[in-house]
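S.K.: Sharing final18.cif here; it has mmCIF, C-alpha atoms.
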```
data_run
#
loop_
_atom_site.label_atom_id
_atom_site.label_comp_id
_atom_site.auth_asym_id
_atom_site.auth_seq_id
_atom_site.Cartn_x
_atom_site.Cartn_y
_atom_site.Cartn_z
CA MET A 26 0.00 0.00 0.00
CA ILE A 27 1.15 3.53 -0.83
CA ALA A 28 0.49 6.12 1.88
CA ILE A 29 0.06 9.78 0.97
CA VAL A 30 0.71 12.05 3.93
CA LYS A 31 -2.39 14.07 4.77
CA TYR A 32 -1.81 17.55 6.10
CA ASN A 33 -3.13 21.04 5.55
CA ALA A 34 -1.69 21.40 2.07
CA GLY A 35 -3.57 21.97 -1.17
CA ASN A 36 -4.54 19.44 -3.78
CA ILE A 37 -3.18 16.20 -2.31
CA LYS A 38 -5.91 14.37 -4.22
CA SER A 39 -4.09 15.02 -7.49
CA VAL A 40 -1.26 12.74 -6.33
CA GLN A 41 -3.77 10.00 -5.58
CA ASN A 42 -5.39 10.53 -8.98
CA ALA A 43 -2.00 10.13 -10.66
CA LEU A 44 -1.36 6.89 -8.75
CA ASP A 45 -4.82 5.63 -9.74
CA ARG A 46 -4.00 6.31 -13.40
CA LEU A 47 -0.80 4.26 -12.98
CA GLY A 48 -2.77 1.44 -11.36
CA TYR A 49 -1.48 1.84 -7.79
CA LYS A 50 -3.78 1.81 -4.77
CA SER A 51 -3.11 4.47 -2.15
CA ILE A 52 -4.53 5.98 1.01
CA ILE A 53 -4.41 9.58 2.16
CA THR A 54 -3.64 9.43 5.86
CA ASP A 55 -2.19 11.22 8.87
CA ASN A 56 -2.26 8.08 10.98
CA PRO A 57 1.33 7.32 12.11
CA SER A 58 0.94 3.53 11.94
CA ASP A 59 -0.38 3.73 8.34
CA LEU A 60 2.73 5.69 7.39
CA ILE A 61 5.11 3.36 9.21
CA ASN A 62 3.54 0.25 7.64
CA ALA A 63 3.19 1.55 4.07
CA ASP A 64 5.38 0.15 1.28
CA LYS A 65 6.03 3.67 0.02
CA VAL A 66 5.21 7.09 1.41
CA ILE A 67 4.49 10.17 -0.67
CA PHE A 68 4.74 13.54 1.05
CA PRO A 69 3.13 15.98 -1.39
CA GLY A 70 2.14 19.52 -0.91
CA VAL A 71 1.30 22.93 -2.11
CA GLY A 72 1.00 25.50 0.63
CA GLU A 73 2.80 27.52 3.22
CA ALA A 74 5.76 26.13 5.18
CA SER A 75 5.15 27.38 8.72
CA SER A 76 1.49 26.35 8.91
CA ALA A 77 2.32 23.00 7.31
CA MET A 78 5.08 22.35 9.88
CA ARG A 79 2.73 23.36 12.70
CA TYR A 80 0.18 20.79 11.51
CA LEU A 81 2.83 18.06 11.21
CA ARG A 82 4.08 18.77 14.75
CA GLU A 83 0.56 18.79 16.19
CA LYS A 84 -0.03 15.35 14.68
CA GLY A 85 3.40 14.09 15.69
CA LEU A 86 4.17 13.40 12.02
CA ASP A 87 7.44 15.36 12.10
CA LYS A 88 9.04 12.59 14.19
CA ILE A 89 7.49 9.80 12.11
CA ILE A 90 8.47 11.06 8.64
CA THR A 91 12.15 11.50 9.46
CA THR A 92 12.47 7.94 10.79
CA LEU A 93 10.73 6.13 7.91
CA ARG A 94 12.77 3.29 6.37
CA GLN A 95 10.81 2.69 3.15
CA PRO A 96 11.17 4.93 0.07
CA VAL A 97 9.69 8.37 0.73
CA LEU A 98 8.96 10.93 -2.00
CA GLY A 99 8.54 14.58 -1.08
CA ILE A 100 6.92 16.76 -3.72
CA CYS A 101 7.18 20.57 -3.98
CA LEU A 102 6.46 21.86 -0.46
CA GLY A 103 7.21 18.30 0.65
CA LEU A 104 10.78 18.70 -0.67
CA GLN A 105 11.13 22.04 1.07
CA LEU A 106 9.80 20.72 4.39
CA MET A 107 12.35 17.88 4.25
CA CYS A 108 15.10 20.52 4.33
CA ARG A 109 16.57 22.02 7.51
CA TYR A 110 15.15 25.53 7.34
CA SER A 111 12.84 27.61 5.13
CA GLU A 112 12.76 31.36 4.79
CA GLU A 113 9.02 31.00 4.22
CA GLY A 114 7.55 31.95 7.59
CA ASP A 115 11.07 31.63 9.15
CA THR A 116 10.43 27.94 9.63
CA ASP A 117 12.52 25.15 11.11
CA CYS A 118 11.69 22.12 8.97
CA LEU A 119 12.24 18.36 9.20
CA GLY A 120 15.98 18.39 8.51
CA VAL A 121 16.28 15.25 6.40
CA TYR A 122 18.50 17.30 4.10
CA ASP A 123 20.85 19.77 5.78
CA VAL A 124 19.89 22.46 3.28
CA ASN A 125 18.27 25.90 3.39
CA VAL A 126 15.18 26.91 1.43
CA ARG A 127 15.24 30.48 0.16
CA LEU A 128 12.93 32.94 -1.56
CA PHE A 129 13.80 33.63 -5.21
CA PRO A 130 15.28 37.12 -5.58
CA PRO A 131 12.65 39.33 -7.28
CA VAL A 132 14.46 39.85 -10.57
CA ASP A 133 11.99 37.81 -12.63
CA LYS A 134 8.37 36.66 -12.30
CA ILE A 135 7.64 34.86 -9.03
CA PRO A 136 6.28 32.22 -8.56
CA HIS A 137 8.41 30.20 -10.95
CA MET A 138 5.37 28.72 -12.63
CA GLY A 139 5.15 26.49 -15.67
CA TRP A 140 7.02 23.88 -17.70
CA HIS A 141 10.78 23.87 -17.44
CA ASN A 142 13.45 21.32 -18.31
CA CYS A 143 16.28 20.41 -15.93
CA MET A 144 19.94 21.24 -16.54
CA THR A 145 21.14 17.94 -15.10
CA ILE A 146 19.42 14.75 -13.93
CA LYS A 147 20.76 11.60 -12.31
CA GLY A 148 19.59 8.73 -10.18
CA ASP A 149 16.82 6.13 -10.09
CA LEU A 150 13.90 8.56 -10.38
CA PHE A 151 15.02 9.73 -13.80
CA ASN A 152 15.46 6.36 -15.52
CA GLY A 153 14.00 6.74 -18.99
CA VAL A 154 13.56 10.49 -18.58
CA LYS A 155 15.50 12.91 -20.77
CA VAL A 156 17.12 16.10 -19.55
CA GLU A 157 15.18 18.05 -22.19
CA ASN A 158 11.81 16.78 -20.90
CA ASP A 159 9.83 19.66 -19.43
CA LEU A 160 8.37 19.26 -15.96
CA TYR A 161 5.77 21.38 -14.20
CA PHE A 162 7.02 23.70 -11.46
CA VAL A 163 5.08 26.08 -9.19
CA HIS A 164 7.10 27.61 -6.37
CA SER A 165 8.43 30.87 -4.95
CA TYR A 166 11.03 29.26 -2.68
CA TYR A 167 13.83 26.91 -3.70
CA ALA A 168 16.25 24.48 -2.09
CA GLU A 169 19.90 25.38 -2.54
CA ILE A 170 22.09 23.02 -4.52
CA SER A 171 23.87 20.54 -2.24
CA SER A 172 25.46 17.10 -2.16
CA PHE A 173 21.88 15.69 -2.06
CA THR A 174 20.92 17.31 -5.38
CA THR A 175 20.05 14.78 -8.11
CA ALA A 176 18.55 17.24 -10.61
CA THR A 177 19.28 20.90 -11.15
CA CYS A 178 17.18 23.58 -12.75
CA ASP A 179 17.95 27.25 -13.33
CA TYR A 180 15.41 30.00 -12.77
CA ILE A 181 16.90 33.27 -11.52
CA VAL A 182 19.40 31.07 -9.66
CA PRO A 183 20.38 27.41 -10.04
CA PHE A 184 18.39 25.28 -7.57
CA SER A 185 17.63 21.65 -6.68
CA ALA A 186 14.89 20.23 -8.90
CA ALA A 187 15.29 16.86 -7.17
CA MET A 188 17.15 15.51 -4.15
CA GLN A 189 17.97 12.19 -2.56
CA LYS A 190 19.45 11.01 0.71
CA ASP A 191 19.24 7.26 1.31
CA ASN A 192 15.52 6.34 1.12
CA PHE A 193 14.38 9.98 1.04
CA TYR A 194 13.63 11.23 -2.48
CA ALA A 195 12.15 14.60 -3.34
CA THR A 196 11.19 16.67 -6.36
CA GLN A 197 10.53 20.40 -6.57
CA PHE A 198 8.40 19.90 -9.69
CA HIS A 199 5.05 18.16 -9.62
CA PRO A 200 5.42 14.72 -11.26
CA GLU A 201 1.66 14.23 -10.83
CA LYS A 202 1.05 17.23 -13.10
CA SER A 203 3.94 16.74 -15.54
CA ALA A 204 2.25 14.63 -18.24
CA GLU A 205 4.21 11.55 -19.45
CA PRO A 206 7.67 12.44 -18.04
CA GLY A 207 6.05 12.99 -14.64
CA GLU A 208 4.27 9.65 -14.84
CA LYS A 209 7.58 7.97 -15.67
CA ILE A 210 9.22 9.55 -12.59
CA LEU A 211 6.34 8.49 -10.33
CA LYS A 212 6.49 4.99 -11.77
CA ASN A 213 10.25 4.85 -11.16
CA PHE A 214 9.61 5.76 -7.52
CA LEU A 215 6.80 3.25 -7.15
CA GLU A 216 9.01 0.49 -8.57
CA LEU A 217 11.99 1.21 -6.27
CA MET B 28 14.42 27.42 -19.96
CA LEU B 29 10.97 28.24 -18.61
CA LYS B 30 8.52 27.69 -21.45
CA LYS B 31 5.76 30.02 -22.60
CA ARG B 32 2.44 28.35 -21.83
CA ILE B 33 -0.32 27.67 -24.32
CA ILE B 34 -3.54 27.49 -22.36
CA ALA B 35 -6.87 26.21 -23.62
CA CYS B 36 -9.94 27.69 -21.98
CA LEU B 37 -13.24 25.90 -21.73
CA ASP B 38 -16.29 27.98 -20.86
CA ILE B 39 -18.78 25.78 -19.03
CA LYS B 40 -22.54 26.26 -18.96
CA ASP B 41 -24.73 23.59 -17.38
CA GLY B 42 -21.86 21.11 -17.56
CA ARG B 43 -21.18 21.66 -21.29
CA THR B 44 -18.50 23.67 -23.08
CA VAL B 45 -19.60 26.87 -24.76
CA LYS B 46 -17.88 29.90 -26.19
CA GLY B 47 -19.41 33.30 -26.69
CA VAL B 48 -18.38 36.03 -29.07
CA ASN B 49 -17.94 39.23 -27.06
CA PHE B 50 -19.41 37.36 -24.10
CA VAL B 51 -22.80 36.57 -25.72
CA ASN B 52 -24.28 34.17 -28.33
CA LEU B 53 -23.32 30.85 -26.77
CA VAL B 54 -22.61 27.94 -29.07
CA ASP B 55 -22.29 24.37 -27.80
CA ALA B 56 -18.80 22.92 -28.14
CA GLY B 57 -19.08 19.64 -26.33
CA ASP B 58 -18.31 17.68 -23.19
CA PRO B 59 -15.63 19.40 -21.09
CA VAL B 60 -13.82 16.24 -20.00
CA GLU B 61 -13.61 14.80 -23.51
CA LEU B 62 -12.44 18.14 -24.88
CA ALA B 63 -9.90 18.45 -22.05
CA LYS B 64 -8.43 15.05 -22.89
CA ILE B 65 -8.07 16.06 -26.54
CA TYR B 66 -6.23 19.23 -25.54
CA VAL B 67 -3.88 17.33 -23.24
CA LYS B 68 -3.07 14.93 -26.05
CA GLN B 69 -2.42 17.88 -28.39
CA GLY B 70 0.08 19.31 -25.90
CA ALA B 71 -1.83 22.08 -24.11
CA ASP B 72 0.31 23.25 -21.19
CA GLU B 73 -2.60 24.07 -18.94
CA LEU B 74 -6.38 24.19 -19.00
CA VAL B 75 -8.83 26.72 -17.60
CA PHE B 76 -12.47 25.87 -16.92
CA LEU B 77 -14.76 28.85 -16.42
CA ASP B 78 -18.28 28.23 -15.20
CA ILE B 79 -20.00 31.18 -16.83
CA THR B 80 -23.34 30.57 -15.17
CA ALA B 81 -22.03 29.75 -11.72
CA THR B 82 -24.62 29.86 -8.98
CA ILE B 83 -24.68 28.45 -5.49
CA GLU B 84 -27.04 25.68 -6.64
CA ASN B 85 -24.73 24.39 -9.34
CA ARG B 86 -21.54 24.76 -7.26
CA LYS B 87 -21.86 21.08 -6.29
CA ALA B 88 -22.30 20.06 -9.91
CA LEU B 89 -19.18 22.03 -10.81
CA ALA B 90 -17.25 20.26 -8.04
CA GLY B 91 -18.39 16.95 -9.55
CA LEU B 92 -17.09 18.02 -12.95
CA VAL B 93 -13.79 19.13 -11.37
CA GLU B 94 -13.41 15.69 -9.79
CA ARG B 95 -13.90 14.04 -13.18
CA ILE B 96 -11.36 16.36 -14.80
CA ALA B 97 -8.82 15.81 -12.02
CA ALA B 98 -9.17 12.05 -12.33
CA GLU B 99 -8.59 12.09 -16.09
CA ILE B 100 -5.89 14.65 -16.89
CA ASN B 101 -2.20 14.83 -15.97
CA ILE B 102 -1.50 18.56 -16.41
CA PRO B 103 -2.46 21.53 -14.22
CA PHE B 104 -5.86 23.14 -14.49
CA THR B 105 -7.64 26.18 -13.14
CA VAL B 106 -11.32 26.53 -12.30
CA GLY B 107 -13.34 29.69 -11.93
CA GLY B 108 -16.72 31.30 -12.11
CA GLY B 109 -18.76 32.88 -9.36
CA ILE B 110 -16.22 32.31 -6.57
CA GLU B 111 -17.15 34.60 -3.67
CA THR B 112 -15.55 33.14 -0.56
CA ALA B 113 -12.58 31.10 0.62
CA ALA B 114 -15.11 28.32 1.29
CA ASP B 115 -16.01 28.26 -2.43
CA VAL B 116 -12.30 27.90 -3.19
CA ALA B 117 -11.93 25.07 -0.68
CA ILE B 118 -14.62 23.04 -2.47
CA LEU B 119 -12.88 23.36 -5.84
CA ILE B 120 -9.36 22.71 -4.52
CA LYS B 121 -10.62 19.68 -2.61
CA ALA B 122 -12.25 18.41 -5.80
CA GLY B 123 -8.83 18.54 -7.48
CA ALA B 124 -8.40 21.99 -9.05
CA ASP B 125 -4.80 23.26 -8.97
CA LYS B 126 -5.76 26.92 -9.13
CA VAL B 127 -8.87 29.04 -9.03
CA THR B 128 -9.65 32.25 -10.87
CA ILE B 129 -11.45 35.02 -9.05
CA ASN B 130 -12.82 38.04 -10.86
CA SER B 131 -15.77 40.21 -9.71
CA SER B 132 -15.64 39.16 -6.04
CA ALA B 133 -12.02 40.21 -5.76
CA VAL B 134 -12.89 43.65 -7.11
CA ARG B 135 -15.78 44.00 -4.68
CA ARG B 136 -13.85 42.63 -1.69
CA PRO B 137 -10.09 42.68 -2.35
CA GLU B 138 -9.31 41.05 1.03
CA LEU B 139 -10.66 37.82 -0.48
CA ILE B 140 -7.36 37.55 -2.39
CA SER B 141 -5.37 37.57 0.85
CA GLU B 142 -7.75 35.17 2.55
CA VAL B 143 -7.42 32.61 -0.23
CA ALA B 144 -3.66 33.13 -0.59
CA ARG B 145 -3.14 32.61 3.15
CA GLN B 146 -5.20 29.46 3.20
CA PHE B 147 -4.13 27.79 -0.06
CA GLY B 148 -0.99 29.66 -1.14
CA SER B 149 -0.54 32.42 -3.72
CA GLN B 150 0.23 29.89 -6.43
CA CYS B 151 -3.41 28.86 -6.58
CA VAL B 152 -4.87 32.38 -6.78
CA VAL B 153 -5.38 33.58 -10.34
CA ILE B 154 -6.97 37.00 -10.57
CA ALA B 155 -8.96 37.28 -13.77
CA ILE B 156 -9.29 40.81 -15.09
CA ASP B 157 -11.69 41.74 -17.89
CA THR B 158 -10.68 45.07 -19.33
CA LYS B 159 -11.88 47.47 -21.99
CA LEU B 160 -10.25 50.53 -23.52
CA ILE B 161 -12.41 53.59 -22.81
CA ASP B 162 -11.25 57.08 -23.74
CA ASN B 163 -7.66 55.83 -23.99
CA GLU B 164 -7.78 54.29 -20.53
CA TRP B 165 -7.92 50.53 -19.82
CA ILE B 166 -10.76 50.08 -17.32
CA VAL B 167 -11.68 46.97 -15.29
CA PHE B 168 -15.12 45.45 -15.90
CA VAL B 169 -16.87 42.88 -13.72
CA ASP B 170 -19.96 40.64 -13.86
CA GLY B 171 -18.84 38.90 -17.05
CA GLY B 172 -18.04 42.22 -18.68
CA ARG B 173 -21.41 43.82 -17.96
CA THR B 174 -20.47 46.25 -15.21
CA ARG B 175 -17.92 49.03 -15.49
CA THR B 176 -15.79 49.84 -12.45
CA GLU B 177 -13.67 52.87 -11.64
CA LEU B 178 -10.49 50.79 -11.52
CA LYS B 179 -7.64 51.31 -13.93
CA THR B 180 -6.32 47.96 -15.06
CA VAL B 181 -2.62 48.31 -14.24
CA ASN B 182 -3.45 49.73 -10.80
CA TRP B 183 -5.80 46.86 -10.04
CA ALA B 184 -3.25 44.29 -11.19
CA ASN B 185 -0.66 45.86 -8.88
CA LYS B 186 -3.06 45.80 -5.98
CA ALA B 187 -3.99 42.17 -6.64
CA GLU B 188 -0.30 41.22 -6.66
CA ASN B 189 0.30 43.02 -3.37
CA LEU B 190 -2.65 41.23 -1.79
CA GLY B 191 -1.20 37.83 -2.71
CA ALA B 192 -2.37 36.91 -6.21
CA GLY B 193 -0.06 34.39 -7.87
CA GLU B 194 -1.04 35.07 -11.47
CA ILE B 195 -3.10 37.46 -13.60
CA LEU B 196 -5.40 36.23 -16.36
CA LEU B 197 -5.94 39.33 -18.46
CA THR B 198 -8.76 39.45 -21.01
CA SER B 199 -9.09 42.37 -23.38
CA MET B 200 -12.81 42.71 -24.05
CA ASN B 201 -12.02 44.83 -27.11
CA ASN B 202 -10.22 41.86 -28.63
CA ASP B 203 -12.18 38.93 -27.19
CA GLY B 204 -13.97 36.93 -29.87
CA THR B 205 -12.70 39.12 -32.71
CA LYS B 206 -9.83 36.84 -33.82
CA THR B 207 -7.75 39.93 -34.60
CA GLY B 208 -4.96 39.19 -32.12
CA PHE B 209 -4.26 39.71 -28.42
CA SER B 210 -3.97 43.25 -27.06
CA ILE B 211 -0.23 43.86 -26.97
CA ASP B 212 -0.92 47.25 -25.43
CA ILE B 213 -2.55 46.25 -22.13
CA THR B 214 -0.86 42.83 -21.88
CA GLY B 215 2.54 44.52 -22.14
CA ALA B 216 1.60 47.23 -19.66
CA VAL B 217 0.33 44.81 -17.00
CA SER B 218 3.08 42.26 -17.53
CA SER B 219 5.86 44.82 -17.13
CA ASN B 220 4.24 46.35 -14.05
CA VAL B 221 3.71 43.21 -11.97
CA ASN B 222 6.21 40.57 -10.87
CA ILE B 223 3.80 37.62 -11.14
CA PRO B 224 3.00 35.69 -14.33
CA VAL B 225 0.46 37.28 -16.68
CA ILE B 226 -1.62 35.23 -19.12
CA ALA B 227 -2.84 37.04 -22.24
CA SER B 228 -6.41 36.32 -23.26
CA GLY B 229 -8.91 37.55 -25.81
CA GLY B 230 -8.52 37.86 -29.56
CA ALA B 231 -6.43 34.88 -30.72
CA GLY B 232 -7.21 34.14 -34.35
CA THR B 233 -3.97 32.93 -35.92
CA LYS B 234 -0.67 31.34 -34.94
CA GLU B 235 1.01 34.67 -35.63
CA ASP B 236 -1.13 36.27 -32.91
CA PHE B 237 0.55 34.00 -30.35
CA ARG B 238 3.99 34.77 -31.73
CA ASP B 239 3.28 38.50 -31.59
CA ILE B 240 2.16 38.52 -27.96
CA PHE B 241 5.25 36.54 -26.91
CA PHE B 242 7.60 38.68 -29.03
CA ASN B 243 6.19 41.98 -27.83
CA THR B 244 5.36 41.45 -24.16
CA SER B 245 6.79 39.53 -21.21
CA CYS B 246 3.55 37.57 -20.66
CA SER B 247 4.06 33.99 -19.42
CA GLY B 248 1.30 32.37 -21.41
CA ALA B 249 -1.49 32.90 -23.89
CA LEU B 250 -5.00 31.56 -23.65
CA ALA B 251 -7.61 30.83 -26.27
CA ALA B 252 -10.90 29.02 -26.49
CA SER B 253 -12.94 28.95 -29.67
CA ILE B 254 -10.08 28.61 -32.14
CA PHE B 255 -9.07 25.42 -30.33
CA HIS B 256 -12.64 24.10 -29.87
CA PHE B 257 -13.59 24.34 -33.48
CA GLY B 258 -10.29 22.97 -34.72
CA GLU B 259 -9.25 26.20 -36.44
CA ILE B 260 -5.83 25.88 -34.80
CA ASP B 261 -4.40 22.55 -33.68
CA ILE B 262 -2.30 23.08 -30.54
CA ARG B 263 0.39 20.74 -31.93
CA ASP B 264 0.76 22.85 -35.08
CA LEU B 265 0.71 26.06 -33.08
CA LYS B 266 3.51 24.88 -30.79
CA LYS B 267 5.58 23.61 -33.70
CA TYR B 268 5.21 27.00 -35.37
CA LEU B 269 6.13 28.96 -32.21
CA LYS B 270 9.21 26.79 -31.71
CA SER B 271 10.27 27.49 -35.29
CA GLU B 272 9.95 31.19 -34.49
CA GLY B 273 12.44 30.74 -31.65
CA ILE B 274 10.00 30.93 -28.75
CA ALA B 275 10.62 28.63 -25.75
CA ILE B 276 7.79 26.10 -26.00
CA ARG B 277 7.27 22.66 -24.46
#
```
In structure tokens, what does this structure look like?

M.R.:
Amino acid sequence: MIAIVKYNAGNIKSVQNALDRLGYKSIITDNPSDLINADKVIFPGVGEASSAMRYLREKGLDKIITTLRQPVLGICLGLQLMCRYSEEGDTDCLGVYDVNVRLFPPVDKIPHMGWHNCMTIKGDLFNGVKVENDLYFVHSYYAEISSFTTATCDYIVPFSAAMQKDNFYATQFHPEKSAEPGEKILKNFLEL
Amino acid sequence: MLKKRIIACLDIKDGRTVKGVNFVNLVDAGDPVELAKIYVKQGADELVFLDITATIENRKALAGLVERIAAEINIPFTVGGGIETAADVAILIKAGADKVTINSSAVRRPELISEVARQFGSQCVVIAIDTKLIDNEWIVFVDGGRTRTELKTVNWANKAENLGAGEILLTSMNNDGTKTGFSIDITGAVSSNVNIPVIASGGAGTKEDFRDIFFNTSCSGALAASIFHFGEIDIRDLKKYLKSEGIAIR
């Protein structure tokens, strides 16, 4: 069973819809034992960092997520919350990746919204995906490039489009909204 | 490189797709979900569904349609029409919409923009602006273009951005339905005066119209409805053409 972490973030259902289209059953849950016992955990999210972290702490999910052993995939805000700190709402996050999340400098349109290809890609998630494939991004904050970065993108500044540390995977783009390349990336995760 | 978006708009009335010329004379153009799937296959970058007869009674029906759309398509989509409160937004987001467009209600009660942005994030708040050139001044209209306001378009766009809007969907009523091209004038003015993405709308008739709006303004996307519905322009051909003109296109 795939568990999708339920918290006060927008449009989590779209991840479940994408899994349905790929033929995978999933549950949307904030129950710690469901998360611990799932084969895979997806931590999606569109929303605001500080209120999301508050919700996770209230439910005790902050402690659970960081200790999961199965493959975990953070998406968008999920990626940012898996970092150490976010400038959005001056928020201490989960700290899976020892990385800061910063606001894009206002020298171009923010949010970075739309289809954009990566500069570099590597790792299991991108098997069968080409660097020129466009993926759908919507974000105003970005994770700095680090040793965990597995894909880079450049908008105003170079940033992490995907990250990995052990069983913790994350993408800044929305694979569930990125047409065929996104489906391939989700499938790669589901088949890990 | 961030690509320029080609956005197909579906006007919804009683669960069917329609498109008016200058906001009247509705002609049936089919089932929204089937049409949406065709557009996705053709390579549309995003879809917008506008319920042009939105009422409280059919809000539930719209949510049902949004659920069907969300289940079927794998690209982002925006839903709008008659949204008055953050609770209306919650219903549509919960049904699977990625973004909502708010028009008249935001003009009447601008705090609504902040309320929705706080609750769901700026990225899901698209402020739709219908504008008309009157005595050399672009003026904001509401109520589906029926009611004139006192707002100047660039000023209103600035205010919407400051209140937390994540995107502006700008329709020139002078151009809408005419197939004579987008308004480069007001699209350029709004796009260069706000720091959020602006989508040009109203007036697309040819592939060159899309090229011209991307060449001459910093808009992030261009939206059209009828020319896509009735097969006058195939999105695949349009994107191939724009690429050949050197525009960054998916």

S.K.: Set the cut-off to 9 Å and count all atoms listed in the file: what are the residues of chain A that reach chain B? Output as a VMD selection string.

M.R.: chain A and resid 33 to 39 41 to 43 45 to 46 71 to 73 131 to 144 158 to 159 161 163 to 165 178 to 180 200 to 205 207 to 208

S.K.: What does the distance from atom CA of Arg82 of chain A to atom CA of Asp55 of chain A come to in Å, to one decimal?

M.R.: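 These atoms are spaced 11.4 Å apart.
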
S.K.: Do you know which residues the PyMOL selection byres ((chain B and resi 175) around 12) returns on this file, as a count of residues only?

M.R.: 24

S.K.: Point out the residue among A:Leu93, A:Lys65, A:Ile27, A:Gly148 with the least atom-to-atom distance to Ser51 of chain A, counting only C-alpha atoms.

M.R.: A:Ile27

S.K.: Given the file above and the PyMOL selection byres ((chain B and resi 79) around 10), which residues are selected, and can you give them as a list in words?

M.R.: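 Those residues are Leu37, Asp38, Ile39, Lys40, Asp41, Thr44, Val45, Lys46, Phe50, Phe76, Leu77, Asp78, Thr80, Ala81, Thr82, Gly107, Gly108, Gly109, Asp170 and Gly171 of chain B.
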
S.K.: List the spatial neighbours of Ser271 of chain B as number ranges by chain - criterion: any atom at most 12 Å away, only C-alpha atoms, same-chain residues fewer than 6 positions off excluded.

M.R.: B: 234-235, 238, 264-265

S.K.: Using all atoms listed in the file, find the one residue out of B:Ala231, B:Ile262, B:Ala187, B:Ile254 that sits nearest to Ser199 of chain B.

M.R.: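 Answer, going by the shortest atom-to-atom distance: B:Ala231.
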
S.K.: Take the PyMOL selection byres ((chain B and resi 255) around 10), apply it to the structure above, and return the hits as a list in words.

M.R.: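 On the file shown, the PyMOL selection byres ((chain B and resi 255) around 10) covers Ile34, Ala35, Cys36, Leu37, Leu62, Tyr66, Ala231, Gly232, Leu250, Ala251, Ala252, Ser253, Ile254, His256, Phe257, Gly258, Glu259, Ile260, Asp261 and Ile262 of chain B.
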
S.K.: What is the atom CA of Arg43 of chain B to atom CA of Val40 of chain A distance in Å?

M.R.: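 Atom CA of Arg43 of chain B sits 26.5 Å away from atom CA of Val40 of chain A.
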